[in-house]
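> Provided herewith is a single structure, encoded as structure tokens, for subsequent inquiry.
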Amino acid sequence: MNAPVSAKLDPATKRLYARRNFVNILAVGMACAAALFGLAFLGWILWTLLSKGFANLNLALFAQDQPPPLEVGGLRNAFVGSMLMCGMGLLIGTPLGIAAGTWLAEYGHRRKLGTIVRFVNDILLSAPSIVLGLFVYAVFVMWLSDGKFSAIAGAVALAFIVLPVVVRTTDEMLRLVPVQMREAALSLGVPQWKVIVQVLYRSALPGIVTGVLLALARISGETAPLLFTAFGNAYLTTDVTGAMSAVPLVMYRFAGSGFENWEQIAWAGALVLTLFVLSTSLVARFVLLRNKISND
């Protein structure tokens with residue numbers, strides 16, 4: 001029977017292997033400890049949210065508007081406002097993001113302008129949302145609207161958050177399409193724009209949809225941009241040219257109000273919003289995983 005490989009090594013090499021094994025075990029142990037530390041706090045937060053939010057879930061939460069202090073009410077106006085502003089934000093940011101991502105992947109990937117656009121997009125992707133809200137407040141609210149808050153301004157601020165996510169996703173997904181598909185279509189005399197629309201978009205569609213869903217999950221919980229743009233409204237309204245409420249805005253104002261009924265509504269709204277973000281993220285993961293399995 002052959003002796004182990006370690007038995008044939010000289011003492012210096014054995015010490016080196018022992019030291020490497022010790023460092024490896026130490027690094028893996030520290031990584032696992034850090035993961036458990038983060039998961040413990042995440043579990044604690046989720047348990048607190050479930051215990052306090054689930055007890056306040058009822059029909060009134062979805063059927064009534066936000067109440068005065070110490071009275072019964074719900075978040076109907078906030079849910080409607082969130083849906084309208086998130087929907088408008090997607091309608092503004094998604095087409096622009098897909099167009100910009102297509103240009104980066106198909107036309108600007110070898111140009112200096114494309115490098116600059118990617119750099120600016122990365123900055124916009126990591127920019128704090130409150131900075132984007134202040135920018136829209138200064139340009140759209142104070143300058144173009146003469147100081148009038150509106151749901152349109154809130155949607156524009158959310159579109160600035162959607163835009164870099166969709167640009168990055170579209171760019172990456174189109175560049176993952178095999179170059180042979182482009183060459184085969186172009187060799188048949190198909191115009192470049194038709195290759196993009198009928199070949200590349202079809203192949204990259206699941207990834208692009210995933211990016212849009214992830215952008216929706218991100219903007220649905222944003223508070224800071226809406227503080228400077230939509231401002232909030234205690235009543236149900238569908239007038240997008242005026243101030244409008246949203247679930248994150250109501251949570252921000254109710255959570256530290258000191259009124260028990262407002263705090264209970266804030267916990268319930270936080271739970272609904274968390275479940276929405278979780279379900280949207282799961283759908284995005286499912287779409288991406290299904291595309292990966294079909295390609296394999």
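Quick note on naming: the chains in the structure tokens go A, B, ... in the order shown, residues restart at 1 in each chain, and ligands are numbered from 1 in order of appearance.
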Using only C-alpha atoms, find each residue in range 64-106 of chain A having at least one atom no more than 9 Å away from range 249-253 of chain A; report its shortest atom-to-atom pair and that distance in Å (one decimal), rows by chain then rising number, as a Markdown table.


| residue | atom | partner | partner_atom | distance |
| --- | --- | --- | --- | --- |
| A:Gln66 | CA | A:Val250 | CA | 8.3 |
| A:Leu75 | CA | A:Val250 | CA | 8.1 |
| A:Ala78 | CA | A:Val250 | CA | 7.1 |

> For Leu273 in chain A, work out the shell of residues within 12 Å, counting only C-alpha atoms and skipping chain neighbours fewer than 5 positions away, then give it as a ChimeraX atom specification.

/A:49-50,53,75,78-79,82-83,216-222,246-251,266-268,278-280

> Restricting the calculation to only C-alpha atoms: of A:Val166, A:Val283, A:Ala270, A:Met85, which residue gets closest to Thr241 in chain A?

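Ranked by minimum distance to Thr241 in chain A, first place goes to A:Met85.
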
> Quick one: residues within 9 Å of Thr102 in chain A, only C-alpha atoms counted, chain neighbours fewer than 3 positions away excluded, as a PyMOL selection string?

chain A and resi 97-99+105-108+167+170-171+174+196

> Write the residues of the selection above to a file with C-alpha atoms, as a short mmCIF file (atom, residue, chain, number, x, y, z; two decimals), in the first residue's frame.


data_model
loop_
_atom_site.label_atom_id
_atom_site.label_comp_id
_atom_site.auth_asym_id
_atom_site.auth_seq_id
_atom_site.Cartn_x
_atom_site.Cartn_y
_atom_site.Cartn_z
CA GLY A 97 -32.82 51.93 -19.59
CA ILE A 98 -33.37 49.29 -22.27
CA ALA A 99 -32.46 51.75 -25.01
CA ALA A 105 -23.91 46.51 -25.70
CA GLU A 106 -24.26 46.85 -29.47
CA TYR A 107 -22.81 50.22 -30.48
CA GLY A 108 -20.84 51.87 -27.69
CA VAL A 167 -29.23 49.80 -18.10
CA THR A 170 -29.80 45.03 -20.36
CA ASP A 171 -26.14 45.65 -21.16
CA LEU A 174 -27.22 41.39 -24.42
CA ILE A 196 -31.50 43.44 -32.06
#

> For range 55-61 of chain A, work out the shell of residues within 7 Å, counting only C-alpha atoms and skipping chain neighbours fewer than 6 positions away, then give it as a list in words.

Gly73, Gly74, Leu75, Arg76, Gln264, Ile265 and Ala268 of chain A

> Just to be explicit: take each residue in the selection above, keep C-alpha atoms, and write the result as a PDB file, in the first residue's frame.


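Output (again_2.pdb):
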ATOM      1  CA  GLY A  73     -58.120  53.399   9.593  1.00  0.00           C
ATOM      2  CA  GLY A  74     -55.863  51.877   6.999  1.00  0.00           C
ATOM      3  CA  LEU A  75     -53.442  52.552   4.152  1.00  0.00           C
ATOM      4  CA  ARG A  76     -55.671  52.502   1.066  1.00  0.00           C
ATOM      5  CA  GLN A 264     -49.747  49.505  14.518  1.00  0.00           C
ATOM      6  CA  ILE A 265     -50.616  50.649  10.989  1.00  0.00           C
ATOM      7  CA  ALA A 268     -48.706  46.289   9.168  1.00  0.00           C
TER       8      ALA A 268
END

> Got a sec: who's within 10 Å of range 177-194 of chain A, counting only C-alpha atoms, leaving out chain neighbours fewer than 6 positions off, as a ChimeraX atom specification?

/A:106,200-204

> Using C-alpha atoms, can you write the selected residues to a file as a compact mmCIF listing (two decimals), in the first residue's frame?


# COMPACT_ATOMS: atom_id res chain seq x y z
CA GLU A 106 -24.26 46.85 -29.47
CA LEU A 200 -31.10 39.57 -29.27
CA TYR A 201 -34.12 40.81 -27.32
CA ARG A 202 -35.76 37.40 -27.51
CA SER A 203 -32.68 35.72 -26.10
CA ALA A 204 -32.07 38.31 -23.40

> Could you check which of A:Ala31, A:Leu158, A:Ile116, A:Val209 is closest to Ala230 in chain A, using only C-alpha atoms?

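The shortest atom-to-atom distance to Ala230 in chain A comes from A:Leu158.
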
> Here is a test: counting only C-alpha atoms, which residue of A:Leu213, A:Trp103, A:Lys52, A:Thr229 is nearest to Phe140 in chain A?

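Among the listed residues, A:Thr229 lies closest to Phe140 in chain A.
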
> Kindly indicate which residue among A:Phe119, A:Phe62, A:Phe231, A:Phe259 lies nearest to Gly147 in chain A, using only C-alpha atoms for the distances.

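Checking each of A:Phe119, A:Phe62, A:Phe231, A:Phe259 against Gly147 in chain A, counting only C-alpha atoms, the winner is A:Phe231.
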
> CA of Val240 in chain A and CA of Ser150 in chain A, how far apart in Å?

6.1 Å

> Could you write out, as a PyMOL selection string, all the residues of range 1-237 of chain A that DSSP marks as alpha helix (DSSP H)?

chain A and resi 11-53+59-63+76-106+112-126+129-136+151-176+179-187+192-195+201-219+224-227
